[in-house]
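Colleague: Take a look at coords02.cif, mmCIF, C-alpha atoms:
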```
data_final
loop_
_atom_site.label_atom_id
_atom_site.label_comp_id
_atom_site.auth_asym_id
_atom_site.auth_seq_id
_atom_site.Cartn_x
_atom_site.Cartn_y
_atom_site.Cartn_z
CA MET E 1 122.58 104.47 101.64
CA ILE E 2 124.50 103.92 104.87
CA LEU E 3 124.37 100.64 106.79
CA TYR E 4 124.50 101.23 110.54
CA PRO E 5 125.51 98.11 112.51
CA ALA E 6 123.67 98.18 115.84
CA ILE E 7 125.18 97.55 119.24
CA ASP E 8 122.48 97.43 121.89
CA LEU E 9 123.91 97.64 125.39
CA LYS E 10 122.37 95.97 128.43
CA ASP E 11 124.29 95.45 131.67
CA GLY E 12 127.56 96.20 129.86
CA GLN E 13 127.03 93.55 127.17
CA ALA E 14 126.11 93.70 123.49
CA VAL E 15 122.64 92.14 123.22
CA ARG E 16 119.53 92.01 121.08
CA LEU E 17 115.97 92.11 122.34
CA LEU E 18 112.87 90.62 120.74
CA HIS E 19 110.20 93.29 120.17
CA GLY E 20 112.01 95.52 122.67
CA ASP E 21 111.27 93.19 125.58
CA MET E 22 114.05 93.42 128.21
CA ASP E 23 113.13 89.91 129.39
CA LYS E 24 113.76 88.47 125.90
CA THR E 25 117.48 89.14 125.67
CA THR E 26 120.15 87.37 123.66
CA VAL E 27 123.74 88.21 124.60
CA PHE E 28 125.99 88.31 121.53
CA ASN E 29 129.20 89.72 122.96
CA ASP E 30 130.30 90.56 126.49
CA ASN E 31 132.89 92.95 125.04
CA PRO E 32 130.97 95.64 123.11
CA ALA E 33 134.14 97.48 122.05
CA ALA E 34 135.53 94.30 120.49
CA GLN E 35 132.23 93.85 118.67
CA ALA E 36 132.38 97.43 117.42
CA LEU E 37 135.91 96.90 116.14
CA GLU E 38 134.73 93.83 114.21
CA PHE E 39 132.17 95.98 112.43
CA VAL E 40 134.73 98.70 111.75
CA ASP E 41 137.25 96.20 110.40
CA ALA E 42 134.56 94.90 108.05
CA GLY E 43 134.26 98.40 106.60
CA CYS E 44 131.27 100.05 108.26
CA GLU E 45 131.12 103.85 108.06
CA TRP E 46 128.97 104.43 111.15
CA LEU E 47 127.97 102.67 114.38
CA HIS E 48 124.52 102.77 115.98
CA LEU E 49 124.60 102.41 119.77
CA VAL E 50 121.68 102.06 122.18
CA ASP E 51 121.83 102.20 125.97
CA LEU E 52 118.87 99.93 126.72
CA ASN E 53 119.15 100.27 130.50
CA GLY E 54 119.40 104.03 130.04
CA ALA E 55 116.21 104.13 128.00
CA PHE E 56 114.31 102.78 131.00
CA ALA E 57 116.27 104.65 133.66
CA GLY E 58 116.06 108.01 131.90
CA GLU E 59 119.80 108.58 132.26
CA PRO E 60 122.99 106.98 130.90
CA VAL E 61 123.70 103.55 132.43
CA ASN E 62 126.11 101.92 129.98
CA ALA E 63 128.48 104.88 129.74
CA THR E 64 131.62 102.81 130.26
CA PRO E 65 131.24 100.50 127.23
CA VAL E 66 130.12 103.43 125.07
CA GLU E 67 133.18 105.44 126.04
CA GLU E 68 135.39 102.44 125.28
CA ILE E 69 133.82 102.11 121.83
CA LEU E 70 134.39 105.81 121.15
CA LYS E 71 137.99 105.48 122.28
CA GLN E 72 138.79 102.45 120.13
CA CYS E 73 136.77 103.04 116.97
CA LYS E 74 137.60 105.68 114.40
CA VAL E 75 134.22 105.82 112.66
CA PRO E 76 131.40 108.14 113.80
CA ALA E 77 128.83 106.74 116.21
CA GLN E 78 125.30 107.73 117.17
CA LEU E 79 123.76 106.89 120.55
CA GLY E 80 120.26 106.72 121.94
CA GLY E 81 118.84 105.74 125.31
CA GLY E 82 118.55 107.85 128.45
CA ILE E 83 119.57 111.14 126.83
CA ARG E 84 117.01 113.58 128.17
CA ASP E 85 118.70 116.87 129.07
CA MET E 86 121.19 119.34 127.60
CA LYS E 87 123.89 118.42 130.09
CA THR E 88 123.87 114.77 128.95
CA ILE E 89 123.76 115.78 125.29
CA GLU E 90 126.74 118.10 125.67
CA SER E 91 128.63 115.52 127.71
CA TRP E 92 128.32 112.83 125.07
CA LEU E 93 129.23 115.11 122.18
CA THR E 94 132.26 116.34 124.11
CA LYS E 95 133.35 112.71 124.57
CA GLY E 96 133.46 112.20 120.83
CA LEU E 97 129.98 110.96 119.97
CA ALA E 98 129.04 112.16 116.48
CA ARG E 99 125.28 112.25 117.04
CA VAL E 100 122.83 111.88 119.91
CA ILE E 101 119.41 110.33 119.38
CA LEU E 102 116.55 111.86 121.32
CA GLY E 103 113.50 109.63 121.60
CA THR E 104 111.32 109.96 124.69
CA VAL E 105 112.06 113.67 125.07
CA ALA E 106 110.99 114.27 121.47
CA VAL E 107 107.47 113.53 122.69
CA GLU E 108 107.66 114.82 126.26
CA ASN E 109 109.90 117.86 125.74
CA PRO E 110 110.12 118.82 122.04
CA ASP E 111 111.60 122.20 122.94
CA LEU E 112 114.71 120.39 124.17
CA VAL E 113 115.13 118.82 120.72
CA ARG E 114 114.91 122.24 119.12
CA GLU E 115 117.33 123.78 121.60
CA ALA E 116 119.83 120.95 121.14
CA ALA E 117 119.57 121.02 117.34
CA ARG E 118 120.32 124.75 117.38
CA ALA E 119 123.23 124.35 119.78
CA PHE E 120 124.74 121.34 118.00
CA PRO E 121 123.94 121.51 114.26
CA GLY E 122 124.08 118.16 112.51
CA GLN E 123 124.57 116.25 115.76
CA VAL E 124 121.01 115.72 116.98
CA ALA E 125 118.70 113.02 115.62
CA VAL E 126 115.17 112.11 116.66
CA GLY E 127 114.36 108.49 117.37
CA ILE E 128 110.76 107.61 116.58
CA ASP E 129 109.78 104.15 117.78
CA ALA E 130 106.35 103.01 116.70
CA ARG E 131 103.86 100.27 117.37
CA ASN E 132 100.98 100.16 114.87
CA GLY E 133 101.74 103.69 113.72
CA ARG E 134 101.75 105.21 117.22
CA VAL E 135 104.85 106.47 118.99
CA ALA E 136 106.14 104.50 122.01
CA THR E 137 108.46 106.00 124.63
CA LYS E 138 110.50 105.05 127.71
CA GLY E 139 112.23 102.08 126.15
CA TRP E 140 109.06 101.25 124.20
CA ALA E 141 107.20 100.53 127.43
CA THR E 142 104.75 103.43 127.08
CA GLU E 143 102.51 103.77 124.03
CA THR E 144 101.26 107.26 123.24
CA ASP E 145 98.46 108.64 121.08
CA VAL E 146 100.99 110.51 118.95
CA MET E 147 101.16 109.42 115.32
CA VAL E 148 104.58 108.88 113.76
CA THR E 149 104.16 111.26 110.83
CA ASP E 150 102.72 114.02 113.01
CA LEU E 151 105.71 113.87 115.35
CA ALA E 152 108.20 113.83 112.46
CA LYS E 153 106.55 116.79 110.75
CA SER E 154 106.66 118.80 113.98
CA PHE E 155 110.47 118.86 113.70
CA GLU E 156 110.64 119.90 110.04
CA ASP E 157 111.97 123.35 110.92
CA ALA E 158 114.09 122.29 113.90
CA GLY E 159 117.27 121.41 112.04
CA VAL E 160 117.53 117.80 113.24
CA ALA E 161 120.08 115.70 111.38
CA ALA E 162 117.98 112.57 110.92
CA ILE E 163 114.97 110.57 112.05
CA ILE E 164 115.60 106.98 113.13
CA TYR E 165 112.32 105.17 112.54
CA THR E 166 111.87 101.84 114.29
CA ASP E 167 108.91 99.52 113.85
CA ILE E 168 108.90 97.80 117.25
CA LEU E 169 106.96 94.77 116.08
CA ARG E 170 109.66 94.06 113.51
CA ASP E 171 112.66 94.71 115.76
CA GLY E 172 114.76 91.65 116.51
CA ALA E 173 112.17 89.39 114.88
CA MET E 174 114.05 88.77 111.61
CA LYS E 175 110.81 89.25 109.65
CA GLY E 176 111.90 92.12 107.44
CA PRO E 177 111.45 95.87 107.88
CA ASN E 178 108.20 97.76 107.44
CA VAL E 179 109.24 99.07 104.04
CA GLN E 180 105.98 100.81 103.18
CA ALA E 181 105.68 102.68 106.48
CA THR E 182 109.31 103.74 106.26
CA ALA E 183 108.89 104.99 102.70
CA ASP E 184 105.68 106.83 103.58
CA LEU E 185 107.44 108.61 106.44
CA ALA E 186 110.47 109.51 104.32
CA ASN E 187 108.21 110.93 101.63
CA ALA E 188 106.22 112.94 104.18
CA VAL E 189 109.18 114.88 105.58
CA SER E 190 112.35 116.52 104.29
CA ILE E 191 114.42 115.24 107.22
CA PRO E 192 116.68 112.27 106.30
CA VAL E 193 115.16 108.98 107.50
CA ILE E 194 117.06 105.93 108.75
CA ALA E 195 115.17 102.62 108.76
CA SER E 196 115.37 100.37 111.80
CA GLY E 197 113.74 97.14 112.91
CA GLY E 198 113.61 93.80 111.11
CA VAL E 199 116.39 94.25 108.56
CA SER E 200 117.38 90.60 108.19
CA SER E 201 118.66 89.97 104.65
CA LEU E 202 120.32 91.56 101.66
CA ASP E 203 116.91 91.53 99.99
CA ASP E 204 115.57 93.67 102.85
CA LEU E 205 118.32 96.20 102.19
CA ARG E 206 117.54 96.15 98.47
CA ALA E 207 113.84 96.67 99.25
CA LEU E 208 114.64 99.71 101.37
CA LYS E 209 117.02 101.01 98.72
CA THR E 210 114.29 100.84 96.08
CA CYS E 211 111.30 101.70 98.29
CA GLY E 212 110.38 104.84 96.37
CA ALA E 213 111.88 107.18 98.94
CA SER E 214 115.43 108.38 99.41
CA LEU E 215 116.53 106.90 102.74
CA ASN E 216 119.70 107.97 104.55
CA GLY E 217 120.37 104.43 105.70
CA ALA E 218 119.30 101.29 107.52
CA ILE E 219 120.17 99.84 110.93
CA SER E 220 120.75 96.13 111.38
CA GLY E 221 121.62 94.20 114.50
CA ARG E 222 120.54 90.60 115.01
CA ALA E 223 121.02 89.67 111.35
CA LEU E 224 124.68 90.71 111.51
CA TYR E 225 125.25 88.73 114.71
CA ASP E 226 123.41 85.65 113.43
CA GLY E 227 125.23 85.74 110.11
CA ALA E 228 122.05 86.24 108.08
CA ILE E 229 123.71 89.36 106.67
CA ASP E 230 127.41 89.47 105.86
CA LEU E 231 128.47 93.05 106.61
CA LYS E 232 131.08 93.30 103.86
CA GLN E 233 128.62 91.92 101.32
CA ALA E 234 125.88 94.26 102.51
CA LEU E 235 128.14 97.29 102.23
CA ALA E 236 129.08 96.24 98.71
CA VAL E 237 125.42 95.82 97.74
CA LEU E 238 124.49 99.26 99.00
CA LYS E 239 127.52 100.81 97.31
CA ASP E 240 126.93 99.06 93.99
CA GLU E 241 123.28 100.01 93.94
CA ALA E 242 123.86 103.61 95.05
#
```
As structure tokens - that is how I would like this structure written.
Modeller:
Amino acid sequence: MILYPAIDLKDGQAVRLLHGDMDKTTVFNDNPAAQALEFVDAGCEWLHLVDLNGAFAGEPVNATPVEEILKQCKVPAQLGGGIRDMKTIESWLTKGLARVILGTVAVENPDLVREAARAFPGQVAVGIDARNGRVATKGWATETDVMVTDLAKSFEDAGVAAIIYTDILRDGAMKGPNVQATADLANAVSIPVIASGGVSSLDDLRALKTCGASLNGAISGRALYDGAIDLKQALAVLKDEA
């Protein structure tokens, strides 16, 4: 199981939000590339990047810090937020991004997801952000009537590399992930699932590891910044219990 350290970008800084609220921001590092290098030096195998401003704007906003991270870090990175057309997808992948995450467009324009997955095999993931089992879009500001499992199943034959499942009510709250919902989703589809939202301790990682479903990985942000999870220790735990 892969641990993906999260770097959420707002106004060029590495931040964390509480429940996805842009007004409830904690700045952890004003140099995102330096933060990324810290994670890499600790041994992480992947980085998870989110352009928070871009998620609301519908286009990349924090391109400069992302490009700096890609330039300085030698591990693969995935990025979500404001990626809503083929031109942007191709641009990011050309710049060295390993995987794009399509969230809002997965609901509003699923054909784009299919087109991108065909054009860039293994490099397109779907981000499914949920509140009470329903998908939320546009930086979590808009709640839809689409159910998480229904959306995930609709991409079974699309060739997407992974589904990043975020429980919004757990995100940034340090209350633990929604293990059962994550396991249920992973068991409902053949697409690899990455857990996100609320991962705040080594026990949370162990719970996801033994949840009864084979997860690709877990994303953690605030817990790594706050020191609730030691990255080297977490990587060792996941490796030892593989």
Colleague: Might you pull out every residue within 12 Å of Glu90 (chain E), with all atoms listed in the file counted and same-chain residues fewer than 2 positions away left off, and present them as a VMD selection string?
Modeller: chain E and resid 83 to 88 92 to 100 115 to 117 119 to 120 123 to 124
Colleague: Could you please take those selected residues and save C-alpha atoms as a JSON list (two decimals), in the frame of the given file?
Modeller:
```json
[["chain", "number", "residue", "atom", "x", "y", "z"],
["E", 83, "ILE", "CA", 119.57, 111.14, 126.83],
["E", 84, "ARG", "CA", 117.01, 113.58, 128.17],
["E", 85, "ASP", "CA", 118.70, 116.87, 129.07],
["E", 86, "MET", "CA", 121.19, 119.34, 127.60],
["E", 87, "LYS", "CA", 123.89, 118.42, 130.09],
["E", 88, "THR", "CA", 123.87, 114.77, 128.95],
["E", 92, "TRP", "CA", 128.32, 112.83, 125.07],
["E", 93, "LEU", "CA", 129.23, 115.11, 122.18],
["E", 94, "THR", "CA", 132.26, 116.34, 124.11],
["E", 95, "LYS", "CA", 133.35, 112.71, 124.57],
["E", 96, "GLY", "CA", 133.46, 112.20, 120.83],
["E", 97, "LEU", "CA", 129.98, 110.96, 119.97],
["E", 98, "ALA", "CA", 129.04, 112.16, 116.48],
["E", 99, "ARG", "CA", 125.28, 112.25, 117.04],
["E", 100, "VAL", "CA", 122.83, 111.88, 119.91],
["E", 115, "GLU", "CA", 117.33, 123.78, 121.60],
["E", 116, "ALA", "CA", 119.83, 120.95, 121.14],
["E", 117, "ALA", "CA", 119.57, 121.02, 117.34],
["E", 119, "ALA", "CA", 123.23, 124.35, 119.78],
["E", 120, "PHE", "CA", 124.74, 121.34, 118.00],
["E", 123, "GLN", "CA", 124.57, 116.25, 115.76],
["E", 124, "VAL", "CA", 121.01, 115.72, 116.98]]
```
Colleague: Could you check how far CA of Ala6 (chain E) sits from CA of Gly221 (chain E), in Å to one decimal?
Modeller: 4.7 Å
Colleague: Applying 12 Å and all atoms listed in the file, which residues near Ala36 (chain E) remain after dropping the ones on its own chain fewer than 2 positions away? List them as a PyMOL selection string.
Modeller: chain E and resi 4-9+13-14+28-34+38-49+65-77+221+224-225
Colleague: Filtering to C-alpha atoms, could you give me those residues as a PDB file, in the coordinates of the input?
Modeller:
```pdb
ATOM      1  CA  TYR E   4     124.500 101.230 110.540  1.00  0.00           C
ATOM      2  CA  PRO E   5     125.510  98.110 112.510  1.00  0.00           C
ATOM      3  CA  ALA E   6     123.670  98.180 115.840  1.00  0.00           C
ATOM      4  CA  ILE E   7     125.180  97.550 119.240  1.00  0.00           C
ATOM      5  CA  ASP E   8     122.480  97.430 121.890  1.00  0.00           C
ATOM      6  CA  LEU E   9     123.910  97.640 125.390  1.00  0.00           C
ATOM      7  CA  GLN E  13     127.030  93.550 127.170  1.00  0.00           C
ATOM      8  CA  ALA E  14     126.110  93.700 123.490  1.00  0.00           C
ATOM      9  CA  PHE E  28     125.990  88.310 121.530  1.00  0.00           C
ATOM     10  CA  ASN E  29     129.200  89.720 122.960  1.00  0.00           C
ATOM     11  CA  ASP E  30     130.300  90.560 126.490  1.00  0.00           C
ATOM     12  CA  ASN E  31     132.890  92.950 125.040  1.00  0.00           C
ATOM     13  CA  PRO E  32     130.970  95.640 123.110  1.00  0.00           C
ATOM     14  CA  ALA E  33     134.140  97.480 122.050  1.00  0.00           C
ATOM     15  CA  ALA E  34     135.530  94.300 120.490  1.00  0.00           C
ATOM     16  CA  GLU E  38     134.730  93.830 114.210  1.00  0.00           C
ATOM     17  CA  PHE E  39     132.170  95.980 112.430  1.00  0.00           C
ATOM     18  CA  VAL E  40     134.730  98.700 111.750  1.00  0.00           C
ATOM     19  CA  ASP E  41     137.250  96.200 110.400  1.00  0.00           C
ATOM     20  CA  ALA E  42     134.560  94.900 108.050  1.00  0.00           C
ATOM     21  CA  GLY E  43     134.260  98.400 106.600  1.00  0.00           C
ATOM     22  CA  CYS E  44     131.270 100.050 108.260  1.00  0.00           C
ATOM     23  CA  GLU E  45     131.120 103.850 108.060  1.00  0.00           C
ATOM     24  CA  TRP E  46     128.970 104.430 111.150  1.00  0.00           C
ATOM     25  CA  LEU E  47     127.970 102.670 114.380  1.00  0.00           C
ATOM     26  CA  HIS E  48     124.520 102.770 115.980  1.00  0.00           C
ATOM     27  CA  LEU E  49     124.600 102.410 119.770  1.00  0.00           C
ATOM     28  CA  PRO E  65     131.240 100.500 127.230  1.00  0.00           C
ATOM     29  CA  VAL E  66     130.120 103.430 125.070  1.00  0.00           C
ATOM     30  CA  GLU E  67     133.180 105.440 126.040  1.00  0.00           C
ATOM     31  CA  GLU E  68     135.390 102.440 125.280  1.00  0.00           C
ATOM     32  CA  ILE E  69     133.820 102.110 121.830  1.00  0.00           C
ATOM     33  CA  LEU E  70     134.390 105.810 121.150  1.00  0.00           C
ATOM     34  CA  LYS E  71     137.990 105.480 122.280  1.00  0.00           C
ATOM     35  CA  GLN E  72     138.790 102.450 120.130  1.00  0.00           C
ATOM     36  CA  CYS E  73     136.770 103.040 116.970  1.00  0.00           C
ATOM     37  CA  LYS E  74     137.600 105.680 114.400  1.00  0.00           C
ATOM     38  CA  VAL E  75     134.220 105.820 112.660  1.00  0.00           C
ATOM     39  CA  PRO E  76     131.400 108.140 113.800  1.00  0.00           C
ATOM     40  CA  ALA E  77     128.830 106.740 116.210  1.00  0.00           C
ATOM     41  CA  GLY E 221     121.620  94.200 114.500  1.00  0.00           C
ATOM     42  CA  LEU E 224     124.680  90.710 111.510  1.00  0.00           C
ATOM     43  CA  TYR E 225     125.250  88.730 114.710  1.00  0.00           C
TER      44      TYR E 225
END
```
Colleague: Tell me which residues come within 7 Å of (114.1, 106.1, 126.9), as a ChimeraX atom specification, counting all atoms listed in the file in the file's coordinates.
Modeller: /E:54-56,58,81-82,103-104,137-139
Colleague: Between E:Val50, E:Leu202, E:Ala57, E:Leu235, single out the one closest to Leu79 (chain E), counting only C-alpha atoms.
Modeller: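 The closest residue to Leu79 (chain E) is E:Val50.
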Colleague: Find the distance between CA of Ala195 (chain E) and CA of Leu37 (chain E) and write it in Å to one decimal.
Modeller: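 CA of Leu37 (chain E) lies at a distance of 22.7 Å from CA of Ala195 (chain E).
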Colleague: How far is it from CA of Arg131 (chain E) to CA of Thr210 (chain E), in Å with one decimal?
Modeller: 23.7 Å
Colleague: Find the residues around Leu208 (chain E) up to 8 Å (all atoms listed in the file counted), leave out those fewer than 3 positions away in its own chain, and share them as JSON, numbers by chain.
Modeller: {"E": [179, 183, 195, 204, 205, 211, 215, 218]}
Colleague: Since I can't run it myself right now, could you work out what the PyMOL selection byres ((chain E and resi 102) around 6) selects here and report it as number ranges by chain?
Modeller: E: 101, 103, 126-127
Colleague: When the PyMOL selection byres ((chain E and resi 26) around 8) is applied to the structure above, which residues does it catch, written out as a CSV table (one decimal) with C-alpha atoms, in the frame of the given file?
Modeller:
```
chain,number,residue,atom,x,y,z
E,15,VAL,CA,122.6,92.1,123.2
E,16,ARG,CA,119.5,92.0,121.1
E,17,LEU,CA,116.0,92.1,122.3
E,24,LYS,CA,113.8,88.5,125.9
E,25,THR,CA,117.5,89.1,125.7
E,27,VAL,CA,123.7,88.2,124.6
E,28,PHE,CA,126.0,88.3,121.5
```
Colleague: May I ask which of the residues E:Gly212, E:Gly198, E:Gly159, E:Pro192 is the closest one to Gln180 (chain E), counting only C-alpha atoms?
Modeller: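 Using only C-alpha atoms, Gln180 (chain E) sits closest to E:Gly212.
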Colleague: Given the file above and the PyMOL selection byres ((chain E and resi 199) around 6), which residues are selected, and can you give them as number ranges by chain?
Modeller: E: 176-177, 197-198, 200, 204, 220
Colleague: Please list as a VMD selection string every residue within 7 Å of Ile194 (chain E), counting only C-alpha atoms and excluding residues in the same chain fewer than 3 positions away.
Modeller: chain E and resid 163 to 165 215 to 218
Colleague: Could you check the closest approach to Leu151 (chain E) for each of E:Ala207, E:Ile128, E:Leu112, E:Leu169 and tell me which residue wins, using all atoms listed in the file?
Modeller: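 Of all the options, E:Ile128 lies closest to Leu151 (chain E).
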Colleague: Given the choices E:Glu143, E:Pro60, E:Lys10, E:Met1, which gets closest to Val193 (chain E) if the distance is worked out from all atoms listed in the file?
Modeller: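 Looking at the shortest contact to Val193 (chain E), the residue is E:Met1.
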Colleague: Could I see region 154-170 of chain E restored to N, CA and C atoms, set down as an mmCIF file, keeping the file's coordinate frame?
Modeller:
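Output contents, as saved in out-v2.cif:
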```
data_model
loop_
_atom_site.group_PDB
_atom_site.id
_atom_site.type_symbol
_atom_site.label_atom_id
_atom_site.label_comp_id
_atom_site.auth_asym_id
_atom_site.auth_seq_id
_atom_site.Cartn_x
_atom_site.Cartn_y
_atom_site.Cartn_z
ATOM 1 N N SER E 154 106.529 117.708 112.997
ATOM 2 C CA SER E 154 106.660 118.800 113.980
ATOM 3 C C SER E 154 108.100 119.278 114.116
ATOM 4 N N PHE E 155 109.053 118.469 113.610
ATOM 5 C CA PHE E 155 110.470 118.860 113.700
ATOM 6 C C PHE E 155 111.045 119.294 112.356
ATOM 7 N N GLU E 156 110.181 119.517 111.367
ATOM 8 C CA GLU E 156 110.640 119.900 110.040
ATOM 9 C C GLU E 156 111.557 121.129 110.053
ATOM 10 N N ASP E 157 111.209 122.086 110.914
ATOM 11 C CA ASP E 157 111.970 123.350 110.920
ATOM 12 C C ASP E 157 112.980 123.422 112.066
ATOM 13 N N ALA E 158 113.238 122.265 112.700
ATOM 14 C CA ALA E 158 114.090 122.290 113.900
ATOM 15 C C ALA E 158 115.571 122.105 113.591
ATOM 16 N N GLY E 159 115.873 121.617 112.392
ATOM 17 C CA GLY E 159 117.270 121.410 112.040
ATOM 18 C C GLY E 159 117.849 120.102 112.541
ATOM 19 N N VAL E 160 116.998 119.091 112.790
ATOM 20 C CA VAL E 160 117.530 117.800 113.240
ATOM 21 C C VAL E 160 118.220 117.090 112.081
ATOM 22 N N ALA E 161 119.249 116.320 112.404
ATOM 23 C CA ALA E 161 120.080 115.700 111.380
ATOM 24 C C ALA E 161 119.414 114.504 110.711
ATOM 25 N N ALA E 162 118.602 113.785 111.463
ATOM 26 C CA ALA E 162 117.980 112.570 110.920
ATOM 27 C C ALA E 162 116.847 112.115 111.831
ATOM 28 N N ILE E 163 115.992 111.273 111.270
ATOM 29 C CA ILE E 163 114.970 110.570 112.050
ATOM 30 C C ILE E 163 115.281 109.086 111.950
ATOM 31 N N ILE E 164 115.420 108.440 113.102
ATOM 32 C CA ILE E 164 115.600 106.980 113.130
ATOM 33 C C ILE E 164 114.228 106.389 113.415
ATOM 34 N N TYR E 165 113.673 105.716 112.409
ATOM 35 C CA TYR E 165 112.320 105.170 112.540
ATOM 36 C C TYR E 165 112.385 103.666 112.779
ATOM 37 N N THR E 166 111.866 103.252 113.921
ATOM 38 C CA THR E 166 111.870 101.840 114.290
ATOM 39 C C THR E 166 110.455 101.303 114.405
ATOM 40 N N ASP E 167 110.169 100.237 113.675
ATOM 41 C CA ASP E 167 108.910 99.520 113.850
ATOM 42 C C ASP E 167 109.163 98.452 114.917
ATOM 43 N N ILE E 168 108.616 98.668 116.101
ATOM 44 C CA ILE E 168 108.900 97.800 117.250
ATOM 45 C C ILE E 168 108.517 96.347 116.993
ATOM 46 N N LEU E 169 107.425 96.138 116.302
ATOM 47 C CA LEU E 169 106.960 94.770 116.080
ATOM 48 C C LEU E 169 107.863 93.996 115.120
ATOM 49 N N ARG E 170 108.712 94.724 114.404
ATOM 50 C CA ARG E 170 109.660 94.060 113.510
ATOM 51 C C ARG E 170 111.029 93.890 114.163
#
```
